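Student: Sharing query.json, JSON, C-alpha atoms:
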[["chain", "number", "residue", "atom", "x", "y", "z"],
["Y", 14, "MET", "CA", 75.63, -110.88, 65.38],
["Y", 15, "PRO", "CA", 78.67, -112.43, 67.16],
["Y", 16, "ILE", "CA", 81.56, -113.34, 64.90],
["Y", 17, "THR", "CA", 83.58, -116.39, 65.91],
["Y", 18, "PRO", "CA", 87.32, -116.46, 65.15],
["Y", 19, "ILE", "CA", 88.31, -117.41, 61.62],
["Y", 20, "THR", "CA", 91.36, -119.67, 61.63],
["Y", 21, "VAL", "CA", 93.88, -120.54, 58.94],
["Y", 22, "THR", "CA", 91.86, -123.66, 58.15],
["Y", 23, "SER", "CA", 88.74, -121.59, 57.43],
["Y", 24, "PRO", "CA", 87.19, -120.94, 53.99],
["Y", 25, "LYS", "CA", 88.70, -118.73, 51.31],
["Y", 26, "ILE", "CA", 85.80, -116.29, 51.08],
["Y", 27, "ILE", "CA", 82.91, -114.92, 53.12],
["Y", 28, "LEU", "CA", 79.46, -115.25, 51.55],
["Y", 29, "ALA", "CA", 77.21, -112.36, 52.60],
["Y", 30, "SER", "CA", 74.04, -114.41, 52.41],
["Y", 31, "ALA", "CA", 71.94, -116.91, 54.33],
["Y", 32, "SER", "CA", 70.50, -118.34, 51.10],
["Y", 33, "PRO", "CA", 70.81, -122.13, 50.91],
["Y", 34, "ARG", "CA", 70.71, -121.87, 47.11],
["Y", 35, "ARG", "CA", 73.75, -119.59, 46.98],
["Y", 36, "ARG", "CA", 75.61, -121.84, 49.38],
["Y", 37, "ALA", "CA", 74.82, -124.89, 47.26],
["Y", 38, "LEU", "CA", 75.97, -123.13, 44.08],
["Y", 39, "LEU", "CA", 79.31, -122.17, 45.63],
["Y", 40, "GLU", "CA", 79.78, -125.76, 46.77],
["Y", 41, "GLN", "CA", 78.93, -126.90, 43.25],
["Y", 42, "ILE", "CA", 82.00, -125.11, 41.89],
["Y", 43, "GLY", "CA", 84.25, -126.16, 44.76],
["Y", 44, "VAL", "CA", 84.63, -122.82, 46.57],
["Y", 45, "SER", "CA", 85.01, -123.04, 50.33],
["Y", 46, "TYR", "CA", 83.21, -120.27, 52.21],
["Y", 47, "ARG", "CA", 81.68, -119.10, 55.44],
["Y", 48, "ALA", "CA", 78.18, -117.64, 55.25],
["Y", 49, "ILE", "CA", 77.19, -114.57, 57.28],
["Y", 50, "HIS", "CA", 73.76, -112.98, 56.85],
["Y", 51, "ALA", "CA", 73.65, -109.27, 56.00],
["Y", 52, "ASP", "CA", 70.64, -107.64, 57.67],
["Y", 53, "ILE", "CA", 70.00, -104.58, 55.48],
["Y", 54, "ASP", "CA", 67.14, -102.39, 54.32],
["Y", 55, "GLU", "CA", 66.08, -103.81, 50.94],
["Y", 56, "THR", "CA", 63.65, -101.02, 50.02],
["Y", 57, "ALA", "CA", 64.04, -99.83, 46.43],
["Y", 58, "GLU", "CA", 64.85, -96.16, 45.98],
["Y", 59, "ASP", "CA", 62.52, -93.86, 44.06],
["Y", 60, "GLY", "CA", 63.06, -94.25, 40.33],
["Y", 61, "GLU", "CA", 65.63, -97.01, 40.78],
["Y", 62, "THR", "CA", 65.83, -99.51, 37.93],
["Y", 63, "ALA", "CA", 65.87, -103.25, 38.58],
["Y", 64, "GLN", "CA", 69.50, -103.44, 37.43],
["Y", 65, "ALA", "CA", 70.62, -100.58, 39.67],
["Y", 66, "TYR", "CA", 68.65, -102.01, 42.59],
["Y", 67, "ALA", "CA", 70.28, -105.43, 42.28],
["Y", 68, "ARG", "CA", 73.77, -103.92, 41.97],
["Y", 69, "ARG", "CA", 73.28, -101.64, 44.96],
["Y", 70, "LEU", "CA", 71.96, -104.35, 47.28],
["Y", 71, "ALA", "CA", 74.66, -106.85, 46.30],
["Y", 72, "LEU", "CA", 77.36, -104.31, 47.13],
["Y", 73, "VAL", "CA", 75.68, -103.14, 50.35],
["Y", 74, "LYS", "CA", 75.39, -106.74, 51.55],
["Y", 75, "ALA", "CA", 79.08, -107.40, 50.89],
["Y", 76, "LYS", "CA", 80.23, -104.15, 52.52],
["Y", 77, "THR", "CA", 77.94, -104.67, 55.51],
["Y", 78, "VAL", "CA", 79.37, -108.12, 56.21],
["Y", 79, "GLN", "CA", 82.93, -106.89, 55.63],
["Y", 80, "GLY", "CA", 82.30, -104.30, 58.34],
["Y", 81, "MET", "CA", 81.26, -107.08, 60.75],
["Y", 82, "LEU", "CA", 84.54, -108.97, 60.43],
["Y", 83, "PRO", "CA", 87.44, -108.69, 62.88],
["Y", 84, "ALA", "CA", 90.18, -106.31, 61.72],
["Y", 85, "ASP", "CA", 92.66, -109.12, 61.17],
["Y", 86, "VAL", "CA", 90.38, -111.01, 58.76],
["Y", 87, "ARG", "CA", 91.22, -110.17, 55.14],
["Y", 88, "LEU", "CA", 89.01, -112.64, 53.30],
["Y", 89, "PRO", "CA", 87.12, -111.41, 50.20],
["Y", 90, "VAL", "CA", 83.41, -110.92, 50.79],
["Y", 91, "LEU", "CA", 80.89, -111.97, 48.13],
["Y", 92, "GLY", "CA", 77.40, -110.46, 48.06],
["Y", 93, "ALA", "CA", 74.53, -111.12, 45.66],
["Y", 94, "ASP", "CA", 71.00, -109.94, 45.03],
["Y", 95, "THR", "CA", 68.30, -111.19, 42.68],
["Y", 96, "VAL", "CA", 65.48, -109.09, 41.26],
["Y", 97, "VAL", "CA", 62.56, -110.03, 39.01],
["Y", 98, "GLU", "CA", 61.30, -107.30, 36.69],
["Y", 99, "ILE", "CA", 58.25, -107.23, 34.44],
["Y", 100, "SER", "CA", 57.06, -104.20, 32.46],
["Y", 101, "GLY", "CA", 59.29, -101.94, 34.53],
["Y", 102, "GLU", "CA", 57.96, -103.22, 37.88],
["Y", 103, "ILE", "CA", 60.31, -104.78, 40.41],
["Y", 104, "LEU", "CA", 58.96, -107.93, 42.05],
["Y", 105, "THR", "CA", 60.69, -108.71, 45.34],
["Y", 106, "LYS", "CA", 59.81, -111.45, 47.85],
["Y", 107, "PRO", "CA", 56.10, -112.02, 48.56],
["Y", 108, "LEU", "CA", 55.14, -111.67, 52.20],
["Y", 109, "SER", "CA", 51.58, -112.99, 51.95],
["Y", 110, "GLU", "CA", 49.40, -115.28, 49.87],
["Y", 111, "ASP", "CA", 47.82, -112.28, 48.16],
["Y", 112, "GLU", "CA", 51.25, -110.98, 47.16],
["Y", 113, "GLY", "CA", 52.42, -114.40, 45.99],
["Y", 114, "MET", "CA", 49.26, -115.01, 43.97],
["Y", 115, "GLY", "CA", 49.48, -111.52, 42.52],
["Y", 116, "MET", "CA", 53.08, -111.95, 41.40],
["Y", 117, "LEU", "CA", 52.35, -115.24, 39.65],
["Y", 118, "GLY", "CA", 49.35, -113.63, 38.00],
["Y", 119, "LYS", "CA", 51.56, -110.88, 36.58],
["Y", 120, "LEU", "CA", 54.13, -113.41, 35.32],
["Y", 121, "SER", "CA", 51.55, -115.85, 33.92],
["Y", 122, "GLY", "CA", 51.83, -116.25, 30.15],
["Y", 123, "LYS", "CA", 54.42, -113.48, 29.86],
["Y", 124, "ARG", "CA", 58.14, -112.81, 29.55],
["Y", 125, "HIS", "CA", 60.03, -111.30, 32.47],
["Y", 126, "ARG", "CA", 63.65, -110.53, 33.29],
["Y", 127, "VAL", "CA", 65.70, -111.81, 36.20],
["Y", 128, "TYR", "CA", 68.69, -109.72, 37.23],
["Y", 129, "THR", "CA", 71.26, -111.06, 39.66],
["Y", 130, "ALA", "CA", 74.15, -108.85, 40.68],
["Y", 131, "VAL", "CA", 77.28, -110.24, 42.31],
["Y", 132, "ALA", "CA", 79.62, -107.95, 44.25],
["Y", 133, "LEU", "CA", 83.09, -108.78, 45.55],
["Y", 134, "VAL", "CA", 84.68, -106.61, 48.20],
["Y", 135, "ALA", "CA", 88.40, -107.17, 48.84],
["Y", 136, "ASP", "CA", 91.17, -104.65, 48.10],
["Y", 137, "LYS", "CA", 88.69, -103.08, 45.70],
["Y", 138, "GLU", "CA", 84.98, -103.34, 44.92],
["Y", 139, "LEU", "CA", 83.85, -105.21, 41.80],
["Y", 140, "ILE", "CA", 80.33, -105.90, 40.52],
["Y", 141, "ARG", "CA", 78.96, -108.11, 37.75],
["Y", 142, "LEU", "CA", 75.35, -108.32, 36.56],
["Y", 143, "SER", "CA", 73.60, -111.32, 35.02],
["Y", 144, "ALA", "CA", 70.42, -110.71, 32.98],
["Y", 145, "THR", "CA", 68.14, -113.60, 32.04],
["Y", 146, "SER", "CA", 64.88, -113.68, 30.09],
["Y", 147, "VAL", "CA", 62.24, -116.13, 31.35],
["Y", 148, "VAL", "CA", 58.90, -116.94, 29.70],
["Y", 149, "PHE", "CA", 56.08, -118.46, 31.77],
["Y", 150, "ARG", "CA", 53.17, -120.49, 30.47],
["Y", 151, "ASN", "CA", 49.68, -119.54, 31.60],
["Y", 152, "ILE", "CA", 49.14, -120.37, 35.27],
["Y", 153, "SER", "CA", 45.62, -120.95, 36.56],
["Y", 154, "VAL", "CA", 44.35, -119.48, 39.83],
["Y", 155, "LYS", "CA", 44.13, -123.02, 41.24],
["Y", 156, "GLU", "CA", 47.79, -123.65, 40.39],
["Y", 157, "ARG", "CA", 48.88, -120.36, 41.90],
["Y", 158, "ARG", "CA", 47.13, -121.13, 45.17],
["Y", 159, "ALA", "CA", 48.48, -124.69, 45.32],
["Y", 160, "TYR", "CA", 51.99, -123.41, 44.62],
["Y", 161, "TRP", "CA", 51.76, -120.83, 47.39],
["Y", 162, "LEU", "CA", 50.51, -123.44, 49.84],
["Y", 163, "SER", "CA", 53.54, -125.61, 49.00],
["Y", 164, "GLY", "CA", 55.67, -123.03, 50.81],
["Y", 165, "GLU", "CA", 58.21, -122.76, 48.01],
["Y", 166, "PRO", "CA", 57.49, -119.16, 46.89],
["Y", 167, "ARG", "CA", 58.24, -117.67, 50.31],
["Y", 168, "GLY", "CA", 61.52, -115.78, 50.36],
["Y", 169, "LYS", "CA", 61.97, -116.05, 46.58],
["Y", 170, "ALA", "CA", 62.30, -113.03, 44.30],
["Y", 171, "GLY", "CA", 59.25, -112.92, 42.04],
["Y", 172, "GLY", "CA", 57.54, -115.58, 44.14],
["Y", 173, "TYR", "CA", 58.96, -118.70, 42.47],
["Y", 174, "ALA", "CA", 61.95, -121.04, 42.50],
["Y", 175, "ILE", "CA", 63.18, -122.26, 39.12],
["Y", 176, "GLN", "CA", 65.12, -125.10, 40.76],
["Y", 177, "GLY", "CA", 61.98, -126.41, 42.44],
["Y", 178, "VAL", "CA", 58.33, -126.99, 41.59],
["Y", 179, "GLY", "CA", 58.29, -123.55, 39.96],
["Y", 180, "ALA", "CA", 60.14, -125.03, 37.00],
["Y", 181, "ILE", "CA", 56.84, -126.41, 35.68],
["Y", 182, "PHE", "CA", 55.77, -122.84, 34.84],
["Y", 183, "VAL", "CA", 58.88, -122.06, 32.75],
["Y", 184, "ARG", "CA", 58.28, -122.36, 29.02],
["Y", 185, "HIS", "CA", 61.59, -120.83, 27.94],
["Y", 186, "ILE", "CA", 64.76, -119.39, 29.45],
["Y", 187, "GLU", "CA", 67.48, -117.38, 27.75],
["Y", 188, "GLY", "CA", 70.49, -116.58, 29.88],
["Y", 189, "SER", "CA", 71.86, -117.94, 33.15],
["Y", 190, "TYR", "CA", 69.97, -120.71, 34.96],
["Y", 191, "SER", "CA", 72.21, -120.31, 38.03],
["Y", 192, "GLY", "CA", 71.57, -116.56, 37.85],
["Y", 193, "VAL", "CA", 67.84, -117.15, 38.19],
["Y", 194, "MET", "CA", 68.59, -119.42, 41.14],
["Y", 195, "GLY", "CA", 70.43, -116.55, 42.81],
["Y", 196, "LEU", "CA", 74.13, -116.78, 41.96],
["Y", 197, "PRO", "CA", 75.32, -116.63, 38.32],
["Y", 198, "LEU", "CA", 78.32, -118.94, 38.33],
["Y", 199, "PHE", "CA", 80.04, -117.54, 35.24],
["Y", 200, "GLU", "CA", 80.16, -114.02, 36.69],
["Y", 201, "THR", "CA", 80.96, -115.32, 40.17],
["Y", 202, "ALA", "CA", 83.93, -117.35, 38.93],
["Y", 203, "GLU", "CA", 85.24, -114.32, 37.03],
["Y", 204, "LEU", "CA", 85.12, -112.18, 40.16],
["Y", 205, "LEU", "CA", 86.75, -114.80, 42.37],
["Y", 206, "GLU", "CA", 89.60, -115.26, 39.90],
["Y", 207, "THR", "CA", 90.40, -111.54, 40.14],
["Y", 208, "CYS", "CA", 91.34, -111.94, 43.80],
["Y", 209, "GLY", "CA", 93.15, -115.26, 43.37],
["Y", 210, "VAL", "CA", 90.37, -117.59, 44.52],
["Y", 211, "LYS", "CA", 90.35, -120.63, 42.24],
["Y", 212, "VAL", "CA", 87.12, -122.43, 41.48],
["Y", 213, "MET", "CA", 86.93, -126.24, 41.35],
["Y", 214, "GLU", "CA", 89.88, -126.67, 43.72],
["Y", 215, "GLY", "CA", 87.59, -128.06, 46.39],
["Y", 216, "LEU", "CA", 86.09, -130.68, 44.10],
["Y", 217, "SER", "CA", 87.05, -134.33, 44.22],
["Y", 218, "TYR", "CA", 86.76, -136.77, 41.34],
["Y", 219, "THR", "CA", 86.66, -140.55, 41.40]]
Represent the supplied structure as structure tokens.

Tutor:
Amino acid sequence: MPITPITVTSPKIILASASPRRRALLEQIGVSYRAIHADIDETAEDGETAQAYARRLALVKAKTVQGMLPADVRLPVLGADTVVEISGEILTKPLSEDEGMGMLGKLSGKRHRVYTAVALVADKELIRLSATSVVFRNISVKERRAYWLSGEPRGKAGGYAIQGVGAIFVRHIEGSYSGVMGLPLFETAELLETCGVKVMEGLSYT
């Protein structure tokens, strides 16, 4: 992927993601950024836990994008990865209606965990992990099919979006709402502060 020059007026960090949700969350806390997609193999390794999987992919995304930058660009690179886990099984992004319906069936009426890891690569490599417990109400087959046909589950870990229509399935959440969306802002702000990037500086108030 071609990299255009980054000038002195450019953002303070590089976001190793094409996710519109992660971009919106960074904008929410006033952090200027440039987004570059990291095209990596997201296959889980044998015996890898959901936590380890999320940490590994977040770091690989950040390091991959860092390696794409021109040598004179020293901006911190932020990577993130979100994983849904239920009963020891990792649920990634559904690629078909059958997969999407199946994932919602597994989550229906049960508690699952959402892990989002955030990695920052600058002078050193730092990783934080957010863990959130989510309880779904029972979801009928008709609802699952209608939800899939809405298009929202595509490209979402676990096959749902808590910030969208998928919120109607959520009975209870304990942890980080922004983490379930894909970028836990508490952990992200902590990481950015370590390399001198201030949050909220880009916000304006009236």

Student: Taking only C-alpha atoms into account, produce a table as a tab-separated table in which each residue of region 26-50 of chain Y with an atom at most 7 Å from an atom of region 189-209 of chain Y appears once, together with its shortest atom pair and the distance in Å to one decimal, ordered by chain and rising number.

Tutor:
residue	atom	partner	partner_atom	distance
Y:Arg34	CA	Y:Met194	CA	6.8
Y:Arg35	CA	Y:Leu196	CA	5.8
Y:Leu38	CA	Y:Leu196	CA	6.9

Student: Just how far from CA of Ile49 (chain Y) is CA of Gly80 (chain Y), in Å to one decimal?

Tutor: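 Calculated distance between CA of Gly80 (chain Y) and CA of Ile49 (chain Y) is 11.5 Å.
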
Student: Could I get the residues of region 85-147 of chain Y with an atom no further than 6 Å from an atom of region 52-76 of chain Y, each paired with its nearest atom pair and that distance in Å to one decimal, using only C-alpha atoms, sorted by chain and residue number, as a tab-separated table?

Tutor:
residue	atom	partner	partner_atom	distance
Y:Val90	CA	Y:Ala75	CA	5.6
Y:Leu91	CA	Y:Ala75	CA	5.6
Y:Gly92	CA	Y:Ala75	CA	4.5
Y:Ala93	CA	Y:Ala71	CA	4.3
Y:Asp94	CA	Y:Ala71	CA	5.0
Y:Ala130	CA	Y:Arg68	CA	5.1
Y:Val131	CA	Y:Ala71	CA	5.9
Y:Ala132	CA	Y:Leu72	CA	5.2

Student: As a list in words, please: the residues near Pro24 (chain Y) (cut-off 12 Å, only C-alpha atoms, same-chain neighbours under 4 positions excluded).

Tutor: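 Counting only the stated atoms, we get Ile19, Thr20, Leu28, Leu39, Glu40, Gly43, Val44, Ser45, Tyr46, Arg47, Ala48, Val86, Arg87, Leu88, Pro89, Val90, Val210 and Gly215 of chain Y.
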
Student: Which residue gives the smallest distance to Phe182 (chain Y) among Y:Leu139, Y:Val148, Y:Ala29, Y:Val96, with all atoms listed in the file counted?

Tutor: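 The answer is Y:Val148, which sits nearest to Phe182 (chain Y).
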
Student: What does the distance from CA of Ile152 (chain Y) to CA of Gly171 (chain Y) come to in Å, to one decimal?

Tutor: 14.3 Å

Student: Choose the residue, out of Y:Ile186, Y:Ser153, Y:Ala144, Y:Leu104, that has the smallest atom-to-atom separation from Arg124 (chain Y); count all atoms listed in the file.

Tutor: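 The shortest atom-to-atom distance to Arg124 (chain Y) comes from Y:Ile186.
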
Student: How far is it from CA of Val127 (chain Y) to CA of Arg157 (chain Y), in Å with one decimal?

Tutor: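 Those two atoms sit 19.7 Å apart.
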
Student: Mind listing whatever residues come within 12 Å of the point (49.4, -120.4, 45.6)? Use all atoms listed in the file, file coordinates, and give them as a PyMOL selection string.

Tutor: chain Y and resi 107+109-118+152-167+172-173+178-179

Student: Can you tell me, as number ranges by chain, what residues are no more than 6 Å from Ser146 (chain Y) when counting only C-alpha atoms, ignoring any on the same chain fewer than 4 positions away?

Tutor: Y: 125-126, 186-187

Student: Find, counting only C-alpha atoms, the residue in Y:Lys123, Y:Glu138, Y:Gln176, Y:Arg36 that gets nearest to Ser100 (chain Y).

Tutor: Y:Lys123

Student: Hey, which of Y:Ile181, Y:Val78, Y:Ile103, Y:Ile175 ends up closest to Ile26 (chain Y)? Count all atoms listed in the file.

Tutor: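 Closest residue, counting all atoms listed in the file: Y:Val78.
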